[in-house]
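Participant: This is the content of target10.pdb (PDB, C-alpha atoms):
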```pdb
ATOM      1  CA  GLN L   1      62.720 113.559 130.412
ATOM      2  CA  ALA L   2      63.176 110.689 127.991
ATOM      3  CA  VAL L   3      66.318 108.646 128.599
ATOM      4  CA  ASP L   4      67.471 108.956 124.983
ATOM      5  CA  ALA L   5      67.424 112.734 125.333
ATOM      6  CA  LEU L   6      69.874 112.777 128.256
ATOM      7  CA  PRO L   7      73.466 113.818 127.413
ATOM      8  CA  LEU L   8      75.916 110.954 127.973
ATOM      9  CA  LEU L   9      78.977 113.234 127.969
ATOM     10  CA  GLU L  10      79.659 116.641 129.410
ATOM     11  CA  GLU L  11      80.330 119.231 126.721
ATOM     12  CA  PRO L  12      84.168 119.414 127.082
ATOM     13  CA  GLU L  13      84.428 115.613 126.861
ATOM     14  CA  ARG L  14      82.027 115.522 123.910
ATOM     15  CA  GLN L  15      84.150 118.074 122.051
ATOM     16  CA  GLN L  16      87.250 115.942 122.688
ATOM     17  CA  VAL L  17      85.691 112.625 121.624
ATOM     18  CA  VAL L  18      83.671 113.804 118.654
ATOM     19  CA  TYR L  19      85.926 116.524 117.274
ATOM     20  CA  GLY L  20      89.358 116.514 118.932
ATOM     21  CA  TRP L  21      90.229 112.850 118.421
ATOM     22  CA  ASN L  22      88.655 112.817 114.977
ATOM     23  CA  SER L  23      90.707 115.717 113.687
ATOM     24  CA  THR L  24      92.992 113.478 111.617
ATOM     25  CA  GLU L  25      93.017 115.307 108.304
ATOM     26  CA  ALA L  26      96.460 115.697 106.764
ATOM     27  CA  PRO L  27      97.540 117.508 103.599
ATOM     28  CA  LEU L  28      98.614 115.087 100.882
ATOM     29  CA  PRO L  29     100.488 115.808  97.644
ATOM     30  CA  GLU L  30      98.502 115.544  94.423
ATOM     31  CA  ALA L  31     101.512 114.241  92.488
ATOM     32  CA  GLY L  32     101.707 110.660  91.228
ATOM     33  CA  LEU L  33     104.020 108.060  92.737
ATOM     34  CA  ALA L  34     106.735 108.370  90.098
ATOM     35  CA  GLU L  35     106.895 112.150  90.517
ATOM     36  CA  LEU L  36     107.155 111.808  94.295
ATOM     37  CA  VAL L  37     110.081 109.414  93.875
ATOM     38  CA  GLU L  38     111.720 111.883  91.480
ATOM     39  CA  GLN L  39     111.408 114.538  94.184
ATOM     40  CA  GLN L  40     113.349 112.260  96.534
ATOM     41  CA  VAL L  41     115.959 111.808  93.795
ATOM     42  CA  GLU L  42     116.481 115.567  93.697
ATOM     43  CA  LYS L  43     116.863 115.741  97.485
ATOM     44  CA  ARG L  44     119.176 112.738  98.008
ATOM     45  CA  PRO L  45     120.454 111.334  94.688
ATOM     46  CA  ASP L  46     123.339 109.403  96.255
ATOM     47  CA  ALA L  47     121.394 107.885  99.164
ATOM     48  CA  VAL L  48     120.717 104.149  98.924
ATOM     49  CA  ALA L  49     117.148 103.505  97.817
ATOM     50  CA  VAL L  50     117.101  99.718  97.411
ATOM     51  CA  VAL L  51     119.510  97.049  98.597
ATOM     52  CA  SER L  52     119.313  93.336  97.785
ATOM     53  CA  GLY L  53     122.187  91.146  98.897
ATOM     54  CA  GLU L  54     125.374  92.682  97.540
ATOM     55  CA  GLN L  55     123.488  94.884  95.067
ATOM     56  CA  ALA L  56     122.541  98.427  96.056
ATOM     57  CA  LEU L  57     120.866 101.158  94.019
ATOM     58  CA  SER L  58     120.991 104.837  94.880
ATOM     59  CA  TYR L  59     117.944 107.005  94.299
ATOM     60  CA  ALA L  60     119.602 108.412  91.172
ATOM     61  CA  GLY L  61     120.517 104.927  89.951
ATOM     62  CA  LEU L  62     117.036 103.551  90.581
ATOM     63  CA  ASN L  63     115.453 106.484  88.786
ATOM     64  CA  ALA L  64     117.751 106.240  85.747
ATOM     65  CA  ARG L  65     117.165 102.509  85.336
ATOM     66  CA  ALA L  66     113.406 102.964  85.679
ATOM     67  CA  ASN L  67     113.460 105.727  83.058
ATOM     68  CA  ARG L  68     115.272 103.475  80.580
ATOM     69  CA  LEU L  69     112.860 100.615  81.117
ATOM     70  CA  ALA L  70     109.869 102.971  80.904
ATOM     71  CA  ARG L  71     111.025 104.201  77.507
ATOM     72  CA  TYR L  72     111.573 100.639  76.361
ATOM     73  CA  LEU L  73     108.056  99.706  77.469
ATOM     74  CA  GLN L  74     106.681 102.716  75.593
ATOM     75  CA  SER L  75     108.451 101.468  72.462
ATOM     76  CA  CYS L  76     106.609  98.169  72.980
ATOM     77  CA  GLY L  77     103.285 100.001  72.988
ATOM     78  CA  VAL L  78     102.713 100.554  76.717
ATOM     79  CA  GLY L  79     100.817 103.743  77.466
ATOM     80  CA  ALA L  80      98.551 105.487  79.957
ATOM     81  CA  GLU L  81      95.828 103.488  81.710
ATOM     82  CA  MET L  82      97.121 100.169  80.365
ATOM     83  CA  ARG L  83      97.850  97.158  82.586
ATOM     84  CA  VAL L  84     101.333  95.637  82.690
ATOM     85  CA  GLY L  85     101.872  92.237  84.266
ATOM     86  CA  LEU L  86     104.932  91.840  86.495
ATOM     87  CA  CYS L  87     106.206  88.328  87.165
ATOM     88  CA  LEU L  88     109.509  88.849  88.979
ATOM     89  CA  GLU L  89     111.009  87.712  92.260
ATOM     90  CA  ARG L  90     111.698  90.186  95.074
ATOM     91  CA  SER L  91     114.750  92.065  93.854
ATOM     92  CA  THR L  92     116.047  95.437  92.746
ATOM     93  CA  GLU L  93     114.822  94.526  89.243
ATOM     94  CA  LEU L  94     111.273  94.221  90.551
ATOM     95  CA  VAL L  95     111.385  97.673  92.167
ATOM     96  CA  VAL L  96     112.830  99.164  88.969
ATOM     97  CA  ALA L  97     110.062  97.534  86.928
ATOM     98  CA  ILE L  98     107.291  98.791  89.218
ATOM     99  CA  LEU L  99     108.564 102.360  89.013
ATOM    100  CA  ALA L 100     109.069 102.097  85.249
ATOM    101  CA  VAL L 101     105.492 100.970  84.661
ATOM    102  CA  LEU L 102     104.136 103.916  86.642
ATOM    103  CA  LYS L 103     106.345 106.344  84.725
ATOM    104  CA  THR L 104     104.553 105.311  81.507
ATOM    105  CA  GLY L 105     101.181 106.108  83.065
ATOM    106  CA  ALA L 106     100.229 102.425  83.161
ATOM    107  CA  ALA L 107      99.344 100.290  86.193
ATOM    108  CA  TYR L 108     101.106  97.100  87.247
ATOM    109  CA  VAL L 109      99.528  93.732  87.955
ATOM    110  CA  PRO L 110     101.749  91.534  90.172
ATOM    111  CA  LEU L 111     101.827  87.822  89.323
ATOM    112  CA  ASP L 112     103.343  84.818  91.053
ATOM    113  CA  ALA L 113     104.948  82.205  88.792
ATOM    114  CA  GLU L 114     104.012  79.518  91.332
ATOM    115  CA  TYR L 115     100.297  80.159  90.877
ATOM    116  CA  PRO L 116      98.348  77.398  89.088
ATOM    117  CA  ALA L 117      98.071  77.884  85.333
ATOM    118  CA  GLU L 118      94.290  78.322  85.573
ATOM    119  CA  ARG L 119      94.638  81.181  88.061
ATOM    120  CA  LEU L 120      97.361  82.903  86.032
ATOM    121  CA  GLY L 121      95.332  82.601  82.859
ATOM    122  CA  PHE L 122      92.265  84.044  84.581
ATOM    123  CA  MET L 123      94.229  87.009  85.999
ATOM    124  CA  LEU L 124      95.888  87.780  82.668
ATOM    125  CA  GLU L 125      92.544  87.819  80.892
ATOM    126  CA  ASP L 126      90.462  89.441  83.619
ATOM    127  CA  SER L 127      92.852  92.377  84.125
ATOM    128  CA  ALA L 128      93.324  92.906  80.375
ATOM    129  CA  ILE L 129      97.121  92.847  80.662
ATOM    130  CA  ALA L 130      98.731  94.347  77.571
ATOM    131  CA  ILE L 131     102.269  93.023  78.145
ATOM    132  CA  LEU L 132     104.069  90.846  80.684
ATOM    133  CA  VAL L 133     107.449  91.793  82.181
ATOM    134  CA  THR L 134     109.490  88.863  83.503
ATOM    135  CA  ASP L 135     112.911  87.226  83.147
ATOM    136  CA  THR L 136     114.104  84.171  81.239
ATOM    137  CA  ARG L 137     114.037  81.768  84.175
ATOM    138  CA  LEU L 138     110.503  82.634  85.255
ATOM    139  CA  ARG L 139     109.297  82.803  81.653
ATOM    140  CA  ASP L 140     110.357  79.205  81.128
ATOM    141  CA  SER L 141     108.556  78.130  84.303
ATOM    142  CA  LEU L 142     105.267  79.818  83.404
ATOM    143  CA  PRO L 143     102.582  77.543  81.961
ATOM    144  CA  ALA L 144     102.438  78.011  78.197
ATOM    145  CA  GLU L 145      98.641  77.973  78.161
ATOM    146  CA  ALA L 146      98.620  81.061  80.403
ATOM    147  CA  THR L 147     101.048  83.179  78.379
ATOM    148  CA  GLN L 148     101.115  81.812  74.813
ATOM    149  CA  PHE L 149      99.288  84.818  73.367
ATOM    150  CA  MET L 150     100.853  87.388  75.710
ATOM    151  CA  PRO L 151     103.621  89.799  74.537
ATOM    152  CA  LEU L 152     106.626  89.361  76.834
ATOM    153  CA  VAL L 153     109.551  91.548  77.885
ATOM    154  CA  CYS L 154     112.394  89.548  79.462
ATOM    155  CA  LEU L 155     114.592  91.940  81.405
ATOM    156  CA  ASP L 156     117.747  89.815  81.221
ATOM    157  CA  ALA L 157     117.404  88.808  77.568
ATOM    158  CA  GLU L 158     116.530  92.329  76.423
ATOM    159  CA  GLY L 159     118.864  94.166  78.795
ATOM    160  CA  GLU L 160     121.075  95.576  76.039
ATOM    161  CA  GLY L 161     118.141  97.230  74.287
ATOM    162  CA  ILE L 162     116.784  98.575  77.571
ATOM    163  CA  GLU L 163     120.127 100.103  78.576
ATOM    164  CA  ALA L 164     120.362 101.894  75.221
ATOM    165  CA  ASP L 165     117.488 104.210  76.143
ATOM    166  CA  SER L 166     117.866 107.540  77.949
ATOM    167  CA  GLY L 167     117.986 107.658  81.740
ATOM    168  CA  GLU L 168     116.405 111.119  81.909
ATOM    169  CA  ASN L 169     112.947 111.638  83.401
ATOM    170  CA  LEU L 170     110.105 111.167  80.952
ATOM    171  CA  GLY L 171     108.122 114.171  82.177
ATOM    172  CA  PHE L 172     104.920 112.241  81.570
ATOM    173  CA  PRO L 173     102.007 113.944  83.412
ATOM    174  CA  ILE L 174     100.323 111.499  85.795
ATOM    175  CA  ASP L 175      97.334 112.287  87.979
ATOM    176  CA  SER L 176      97.194 110.871  91.486
ATOM    177  CA  ARG L 177      93.779 109.409  90.659
ATOM    178  CA  GLN L 178      95.271 107.114  88.036
ATOM    179  CA  LEU L 179      95.642 103.473  88.946
ATOM    180  CA  ALA L 180      98.808 102.308  90.652
ATOM    181  CA  TYR L 181      98.130  98.591  90.499
ATOM    182  CA  VAL L 182      95.538  95.831  90.321
ATOM    183  CA  MET L 183      95.934  93.166  93.012
ATOM    184  CA  TYR L 184      93.930  89.956  93.221
ATOM    185  CA  THR L 185      92.321  88.450  96.303
ATOM    186  CA  SER L 186      93.095  84.894  97.337
ATOM    187  CA  GLY L 187      89.878  83.590  95.819
ATOM    188  CA  SER L 188      89.229  81.408  98.873
ATOM    189  CA  THR L 189      85.504  82.186  98.717
ATOM    190  CA  GLY L 190      85.187  81.839  94.944
ATOM    191  CA  ARG L 191      86.901  83.353  91.922
ATOM    192  CA  PRO L 192      89.699  85.820  92.770
ATOM    193  CA  LYS L 193      88.731  89.466  92.409
ATOM    194  CA  GLY L 194      90.960  92.201  91.050
ATOM    195  CA  VAL L 195      91.088  95.247  93.323
ATOM    196  CA  GLU L 196      92.048  98.519  91.626
ATOM    197  CA  ILE L 197      94.154 100.851  93.794
ATOM    198  CA  GLU L 198      94.640 104.507  92.868
ATOM    199  CA  GLN L 199      98.005 106.182  93.344
ATOM    200  CA  ARG L 200      96.593 108.668  95.857
ATOM    201  CA  SER L 201      95.520 105.739  98.055
ATOM    202  CA  VAL L 202      99.113 104.528  98.204
ATOM    203  CA  VAL L 203     100.271 108.026  99.127
ATOM    204  CA  ARG L 204      97.648 108.183 101.868
ATOM    205  CA  LEU L 205      98.988 104.930 103.333
ATOM    206  CA  VAL L 206     102.578 106.118 103.780
ATOM    207  CA  ARG L 207     102.538 109.916 103.851
ATOM    208  CA  GLY L 208     101.128 112.173 106.580
ATOM    209  CA  THR L 209     100.613 109.278 108.995
ATOM    210  CA  ASN L 210     101.837 108.636 112.527
ATOM    211  CA  TYR L 211     101.857 104.856 112.871
ATOM    212  CA  VAL L 212     105.476 104.605 111.601
ATOM    213  CA  ASP L 213     108.374 107.059 111.942
ATOM    214  CA  TYR L 214     108.703 107.748 108.232
ATOM    215  CA  GLY L 215     111.788 109.611 107.043
ATOM    216  CA  PRO L 216     115.239 109.246 105.443
ATOM    217  CA  ALA L 217     116.523 107.188 108.382
ATOM    218  CA  LEU L 218     113.856 104.534 107.837
ATOM    219  CA  VAL L 219     115.026 101.097 106.634
ATOM    220  CA  ILE L 220     112.047  98.894 105.772
ATOM    221  CA  GLY L 221     112.480  95.177 105.263
ATOM    222  CA  HIS L 222     110.858  94.029 102.012
ATOM    223  CA  ALA L 223     109.710  90.617 103.227
ATOM    224  CA  SER L 224     106.284  90.321 101.547
ATOM    225  CA  GLN L 225     105.423  88.851  98.185
ATOM    226  CA  VAL L 226     104.537  91.622  95.734
ATOM    227  CA  VAL L 227     101.174  89.903  95.127
ATOM    228  CA  PHE L 228     100.156  90.807  98.705
ATOM    229  CA  ASP L 229      99.146  94.277  99.855
ATOM    230  CA  ALA L 230     101.777  94.464 102.610
ATOM    231  CA  SER L 231     104.354  95.019  99.844
ATOM    232  CA  THR L 232     102.669  98.382  99.169
ATOM    233  CA  PHE L 233     103.538  99.539 102.672
ATOM    234  CA  GLU L 234     107.107  98.246 102.335
ATOM    235  CA  ILE L 235     108.048  99.568  98.887
ATOM    236  CA  TRP L 236     106.351 102.943  98.933
ATOM    237  CA  GLY L 237     106.845 103.559 102.644
ATOM    238  CA  ALA L 238     110.569 103.598 101.921
ATOM    239  CA  LEU L 239     110.730 105.280  98.498
ATOM    240  CA  LEU L 240     108.220 108.088  99.089
ATOM    241  CA  ASN L 241     109.969 109.155 102.286
ATOM    242  CA  GLY L 242     113.614 108.987 101.231
ATOM    243  CA  GLY L 243     114.222 105.801 103.224
ATOM    244  CA  ARG L 244     115.841 102.517 102.249
ATOM    245  CA  LEU L 245     114.134  99.343 101.065
ATOM    246  CA  ALA L 246     116.017  96.226 102.194
ATOM    247  CA  VAL L 247     114.985  93.242 100.054
ATOM    248  CA  ILE L 248     114.866  89.941 101.962
ATOM    249  CA  ALA L 249     114.690  86.708  99.975
ATOM    250  CA  LYS L 250     111.682  84.424 100.476
ATOM    251  CA  PHE L 251     113.739  81.564 101.932
ATOM    252  CA  ASP L 252     115.434  83.925 104.393
ATOM    253  CA  VAL L 253     112.073  85.275 105.599
ATOM    254  CA  LEU L 254     110.883  81.767 106.454
ATOM    255  CA  THR L 255     114.110  80.718 108.210
ATOM    256  CA  PRO L 256     114.541  82.311 111.671
ATOM    257  CA  GLU L 257     118.356  82.285 111.720
ATOM    258  CA  LEU L 258     118.662  83.725 108.207
ATOM    259  CA  LEU L 259     116.008  86.397 108.772
ATOM    260  CA  SER L 260     117.653  87.473 112.022
ATOM    261  CA  ALA L 261     121.008  87.778 110.250
ATOM    262  CA  GLN L 262     119.465  89.799 107.409
ATOM    263  CA  LEU L 263     117.745  92.206 109.787
ATOM    264  CA  ARG L 264     121.023  92.986 111.529
ATOM    265  CA  GLN L 265     123.205  92.993 108.428
ATOM    266  CA  GLN L 266     120.958  95.417 106.551
ATOM    267  CA  GLY L 267     120.122  97.556 109.578
ATOM    268  CA  VAL L 268     116.360  97.085 109.189
ATOM    269  CA  SER L 269     114.399  99.414 111.464
ATOM    270  CA  THR L 270     110.813  98.526 110.466
ATOM    271  CA  LEU L 271     109.365  95.153 109.488
ATOM    272  CA  PHE L 272     105.944  93.754 108.621
ATOM    273  CA  LEU L 273     105.210  90.028 109.001
ATOM    274  CA  THR L 274     102.142  87.862 108.970
ATOM    275  CA  THR L 275     100.978  86.994 112.479
ATOM    276  CA  ALA L 276     101.986  83.356 111.995
ATOM    277  CA  LEU L 277     105.554  84.294 111.059
ATOM    278  CA  PHE L 278     105.779  86.849 113.857
ATOM    279  CA  GLN L 279     104.813  84.222 116.411
ATOM    280  CA  LYS L 280     107.104  81.597 114.882
ATOM    281  CA  HIS L 281     110.145  83.857 115.094
ATOM    282  CA  VAL L 282     109.353  85.120 118.594
ATOM    283  CA  ARG L 283     109.155  81.539 119.818
ATOM    284  CA  SER L 284     112.305  80.485 117.957
ATOM    285  CA  SER L 285     114.766  82.512 120.007
ATOM    286  CA  PRO L 286     114.763  85.203 122.718
ATOM    287  CA  GLY L 287     115.274  88.768 121.542
ATOM    288  CA  PHE L 288     114.688  87.848 117.901
ATOM    289  CA  PHE L 289     113.548  91.375 116.948
ATOM    290  CA  ARG L 290     116.139  93.192 119.035
ATOM    291  CA  GLY L 291     117.415  96.266 117.195
ATOM    292  CA  LEU L 292     114.175  97.018 115.331
ATOM    293  CA  ASP L 293     112.283 100.237 115.968
ATOM    294  CA  GLN L 294     108.921  98.887 114.850
ATOM    295  CA  ILE L 295     107.395  95.514 114.065
ATOM    296  CA  LEU L 296     103.947  95.301 112.482
ATOM    297  CA  PHE L 297     101.961  92.113 112.010
ATOM    298  CA  GLY L 298      98.487  91.170 110.889
ATOM    299  CA  GLY L 299      96.212  88.738 109.141
ATOM    300  CA  GLU L 300      94.923  86.667 112.056
ATOM    301  CA  VAL L 301      94.507  86.607 115.827
ATOM    302  CA  CYS L 302      97.773  86.851 117.764
ATOM    303  CA  ASP L 303      98.817  85.102 120.950
ATOM    304  CA  PRO L 304      99.288  87.905 123.544
ATOM    305  CA  GLU L 305     102.098  85.905 125.121
ATOM    306  CA  CYS L 306     104.151  86.342 121.939
ATOM    307  CA  VAL L 307     103.710  90.104 122.110
ATOM    308  CA  ARG L 308     104.736  90.111 125.772
ATOM    309  CA  ARG L 309     107.861  88.070 125.021
ATOM    310  CA  ALA L 310     108.799  90.280 122.078
ATOM    311  CA  VAL L 311     108.548  93.424 124.215
ATOM    312  CA  GLU L 312     110.215  92.086 127.340
ATOM    313  CA  GLU L 313     113.186  90.534 125.530
ATOM    314  CA  ASP L 314     114.546  93.892 124.339
ATOM    315  CA  GLY L 315     112.360  93.812 121.293
ATOM    316  CA  PRO L 316     111.239  96.706 119.082
ATOM    317  CA  ARG L 317     110.485 100.141 120.469
ATOM    318  CA  GLU L 318     106.975  99.898 119.057
ATOM    319  CA  ILE L 319     104.919  96.807 118.354
ATOM    320  CA  GLY L 320     101.404  96.597 117.034
ATOM    321  CA  ARG L 321      98.881  94.637 115.068
ATOM    322  CA  ALA L 322      98.153  96.187 111.711
ATOM    323  CA  HIS L 323      96.033  95.537 108.678
ATOM    324  CA  VAL L 324      97.779  97.173 105.734
TER     325      VAL L 324
END
```
Before we go any further, please render this structure as structure tokens.

Facilitator:
Amino acid sequence: QAVDALPLLEEPERQQVVYGWNSTEAPLPEAGLAELVEQQVEKRPDAVAVVSGEQALSYAGLNARANRLARYLQSCGVGAEMRVGLCLERSTELVVAILAVLKTGAAYVPLDAEYPAERLGFMLEDSAIAILVTDTRLRDSLPAEATQFMPLVCLDAEGEGIEADSGENLGFPIDSRQLAYVMYTSGSTGRPKGVEIEQRSVVRLVRGTNYVDYGPALVIGHASQVVFDASTFEIWGALLNGGRLAVIAKFDVLTPELLSAQLRQQGVSTLFLTTALFQKHVRSSPGFFRGLDQILFGGEVCDPECVRRAVEEDGPREIGRAHV
């Protein structure tokens, strides 16, 4: 008999490998992201949704503020399938703005004010951004040549007009196949490329999965820049499961002592870091991640010794390399 005709596995083992371990289908809701957040609002309106420093927003508070901003954006001409640029630092205001954009049926395009003017100008033009949401400080730091012809909404300067709108849900029908956001690659191999992500893809990342213990008790540290895809896991992993998003400032993330203090102060249970930061903090002090349930890292090869130290020094209950 020909060798390639011989069975490599006995039938019970073949059934397990081919079918048993591949049976990973999970039912997913067809609702859009904003509607799924509104469902969490109905279940736990008073639970804390987002906390940043001394500022905390309940699910009801987050939803009401997002509804007001969504209506304000609609009055500025924002509608379904449009692209809205977001140039804001990690904060409760950023989370409100993201949710507000989705409530209008539009998609958000995250921008970093520290990007070179040429890159910002390219992204604004390439993604066909209709309007840019920012604040006064970042607006003044943006290169004029990148934004001179771009309609702007400054959240702090226009706060009075935004707060005058209704905080009730818009009831705008949104399909899960509509875009959630457009995120640009680093451009290290050429011009940056805009990647369009549908809302159902975000839901698939953080609902019906088993790599993180999702649920109302979850407290995810928001340590990633919104221009990177790890922020998708952080923001929506918390909000779509009734958990809490704990915003950690950029400087604190890079400083071992400050990050450690933030993790304990805010009761963070799950954290994602780049591999370089993970290794830096493990080496900085023993038991750095003590108290966490899960730590995820990714982006480059990891030193196994760092993983061993993190586990042995009363580190997180679960530790793993992930590509989000």

Participant: Counting only C-alpha atoms, which residues in region 16-81 of chain L sit no more than 10 Å from region 118-130 of chain L? For each one, give the nearest pair of atoms and the distance in Å, sorted by chain then residue number, as JSON lines.

Facilitator:
```
{"residue": "L:Cys76", "atom": "CA", "partner": "L:Ala130", "partner_atom": "CA", "distance": 9.9}
{"residue": "L:Gly77", "atom": "CA", "partner": "L:Ala130", "partner_atom": "CA", "distance": 8.6}
{"residue": "L:Val78", "atom": "CA", "partner": "L:Ala130", "partner_atom": "CA", "distance": 7.4}
{"residue": "L:Gly79", "atom": "CA", "partner": "L:Ala130", "partner_atom": "CA", "distance": 9.6}
```

Participant: I need the output of the PyMOL selection byres ((chain L and resi 84) around 7) for this file as a VMD selection string; which residues are they?

Facilitator: chain L and resid 82 to 83 85 to 86 106 to 109 129 to 132

Participant: Report, in Å to a single decimal, how far apart CA of Ala97 (chain L) and CA of Thr185 (chain L) are.

Facilitator: 22.0 Å

Participant: Skip region 174-177 of chain L itself and residues of its chain fewer than 5 positions away, then list as number ranges by chain all residues within 7 Å of it, counting only C-alpha atoms.

Facilitator: L: 30-32, 105, 198-200

Participant: Next, write the just-selected residues to a file, as an mmCIF file, keeping the file's coordinate frame, keeping C-alpha atoms as the atom set.

Facilitator:
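Result written to selection20.cif:
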```cif
data_model
loop_
_atom_site.group_PDB
_atom_site.id
_atom_site.type_symbol
_atom_site.label_atom_id
_atom_site.label_comp_id
_atom_site.auth_asym_id
_atom_site.auth_seq_id
_atom_site.Cartn_x
_atom_site.Cartn_y
_atom_site.Cartn_z
ATOM 1 C CA GLU L 30 98.502 115.544 94.423
ATOM 2 C CA ALA L 31 101.512 114.241 92.488
ATOM 3 C CA GLY L 32 101.707 110.660 91.228
ATOM 4 C CA GLY L 105 101.181 106.108 83.065
ATOM 5 C CA GLU L 198 94.640 104.507 92.868
ATOM 6 C CA GLN L 199 98.005 106.182 93.344
ATOM 7 C CA ARG L 200 96.593 108.668 95.857
#
```

Participant: Taking the file as shown, find all residues satisfying the PyMOL selection byres ((chain L and resi 115) around 12) and write them as a count of residues only.

Facilitator: 22

Participant: Tell me, in Å to one decimal, how far CA of Arg68 (chain L) is from CA of Gly167 (chain L).

Facilitator: 5.1 Å

Participant: My list of candidates is L:Glu305, L:Asp135, L:Glu38, L:Asp165. Which is closest to Asn241 (chain L) when distances are computed with all atoms listed in the file?

Facilitator: L:Glu38

Participant: Near Glu234 (chain L), counting all atoms listed in the file, which residues have an atom at most 7 Å away, once you skip same-chain residues fewer than 5 positions from it, shown as a ChimeraX atom specification?

Facilitator: /L:220-222

Participant: Name every residue that the PyMOL selection byres ((chain L and resi 45) around 12) selects in this structure, writing the answer as number ranges by chain with chains first and numbers rising.

Facilitator: L: 37-44, 46-49, 57-64, 242-243

Participant: Could you work out an axis-aligned box for region 129-136 of chain L, taking every atom the file lists and adding 3 Å on each side, and report centre and edge lengths in Å to one decimal, as JSON?

Facilitator:
```
{"center_x": 105.6, "center_y": 89.3, "center_z": 80.5, "size_x": 23.0, "size_y": 16.2, "size_z": 11.9}
```

Participant: Could you tell me how far CA of Val212 (chain L) sits from CA of Arg14 (chain L), in Å to one decimal place?

Facilitator: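 So the answer is 28.6 Å.
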
Participant: Is it possible to add N, CA and C atoms to region 22-36 of chain L and hand it back as a PDB file, in the frame of the given file?

Facilitator:
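Listed below is the output, selection-v2.pdb:
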```pdb
ATOM      1  N   ASN L  22      88.968 113.102 116.375  1.00  0.00           N
ATOM      2  CA  ASN L  22      88.655 112.817 114.977  1.00  0.00           C
ATOM      3  C   ASN L  22      89.280 113.826 114.014  1.00  0.00           C
ATOM      4  N   SER L  23      90.046 114.740 114.546  1.00  0.00           N
ATOM      5  CA  SER L  23      90.707 115.717 113.687  1.00  0.00           C
ATOM      6  C   SER L  23      92.001 115.101 113.148  1.00  0.00           C
ATOM      7  N   THR L  24      91.854 114.241 112.149  1.00  0.00           N
ATOM      8  CA  THR L  24      92.992 113.478 111.617  1.00  0.00           C
ATOM      9  C   THR L  24      93.321 113.840 110.175  1.00  0.00           C
ATOM     10  N   GLU L  25      92.743 114.915 109.686  1.00  0.00           N
ATOM     11  CA  GLU L  25      93.017 115.307 108.304  1.00  0.00           C
ATOM     12  C   GLU L  25      94.478 115.719 108.162  1.00  0.00           C
ATOM     13  N   ALA L  26      95.063 115.348 107.033  1.00  0.00           N
ATOM     14  CA  ALA L  26      96.460 115.697 106.764  1.00  0.00           C
ATOM     15  C   ALA L  26      96.590 116.081 105.292  1.00  0.00           C
ATOM     16  N   PRO L  27      97.351 117.115 104.999  1.00  0.00           N
ATOM     17  CA  PRO L  27      97.540 117.508 103.599  1.00  0.00           C
ATOM     18  C   PRO L  27      98.365 116.452 102.862  1.00  0.00           C
ATOM     19  N   LEU L  28      97.912 116.082 101.684  1.00  0.00           N
ATOM     20  CA  LEU L  28      98.614 115.087 100.882  1.00  0.00           C
ATOM     21  C   LEU L  28      98.952 115.662  99.515  1.00  0.00           C
ATOM     22  N   PRO L  29     100.115 115.306  98.976  1.00  0.00           N
ATOM     23  CA  PRO L  29     100.488 115.808  97.644  1.00  0.00           C
ATOM     24  C   PRO L  29      99.583 115.227  96.573  1.00  0.00           C
ATOM     25  N   GLU L  30      99.333 115.997  95.531  1.00  0.00           N
ATOM     26  CA  GLU L  30      98.502 115.544  94.423  1.00  0.00           C
ATOM     27  C   GLU L  30      99.323 114.861  93.344  1.00  0.00           C
ATOM     28  N   ALA L  31     100.641 114.838  93.501  1.00  0.00           N
ATOM     29  CA  ALA L  31     101.512 114.241  92.488  1.00  0.00           C
ATOM     30  C   ALA L  31     101.376 112.724  92.481  1.00  0.00           C
ATOM     31  N   GLY L  32     101.708 112.110  91.339  1.00  0.00           N
ATOM     32  CA  GLY L  32     101.707 110.660  91.228  1.00  0.00           C
ATOM     33  C   GLY L  32     102.922 110.059  91.910  1.00  0.00           C
ATOM     34  N   LEU L  33     102.952 108.746  92.018  1.00  0.00           N
ATOM     35  CA  LEU L  33     104.020 108.060  92.737  1.00  0.00           C
ATOM     36  C   LEU L  33     105.389 108.278  92.094  1.00  0.00           C
ATOM     37  N   ALA L  34     105.451 108.200  90.780  1.00  0.00           N
ATOM     38  CA  ALA L  34     106.735 108.370  90.098  1.00  0.00           C
ATOM     39  C   ALA L  34     107.296 109.770  90.337  1.00  0.00           C
ATOM     40  N   GLU L  35     106.437 110.782  90.288  1.00  0.00           N
ATOM     41  CA  GLU L  35     106.895 112.150  90.517  1.00  0.00           C
ATOM     42  C   GLU L  35     107.387 112.339  91.951  1.00  0.00           C
ATOM     43  N   LEU L  36     106.731 111.701  92.897  1.00  0.00           N
ATOM     44  CA  LEU L  36     107.155 111.808  94.295  1.00  0.00           C
ATOM     45  C   LEU L  36     108.511 111.144  94.504  1.00  0.00           C
TER      46      LEU L  36
END
```
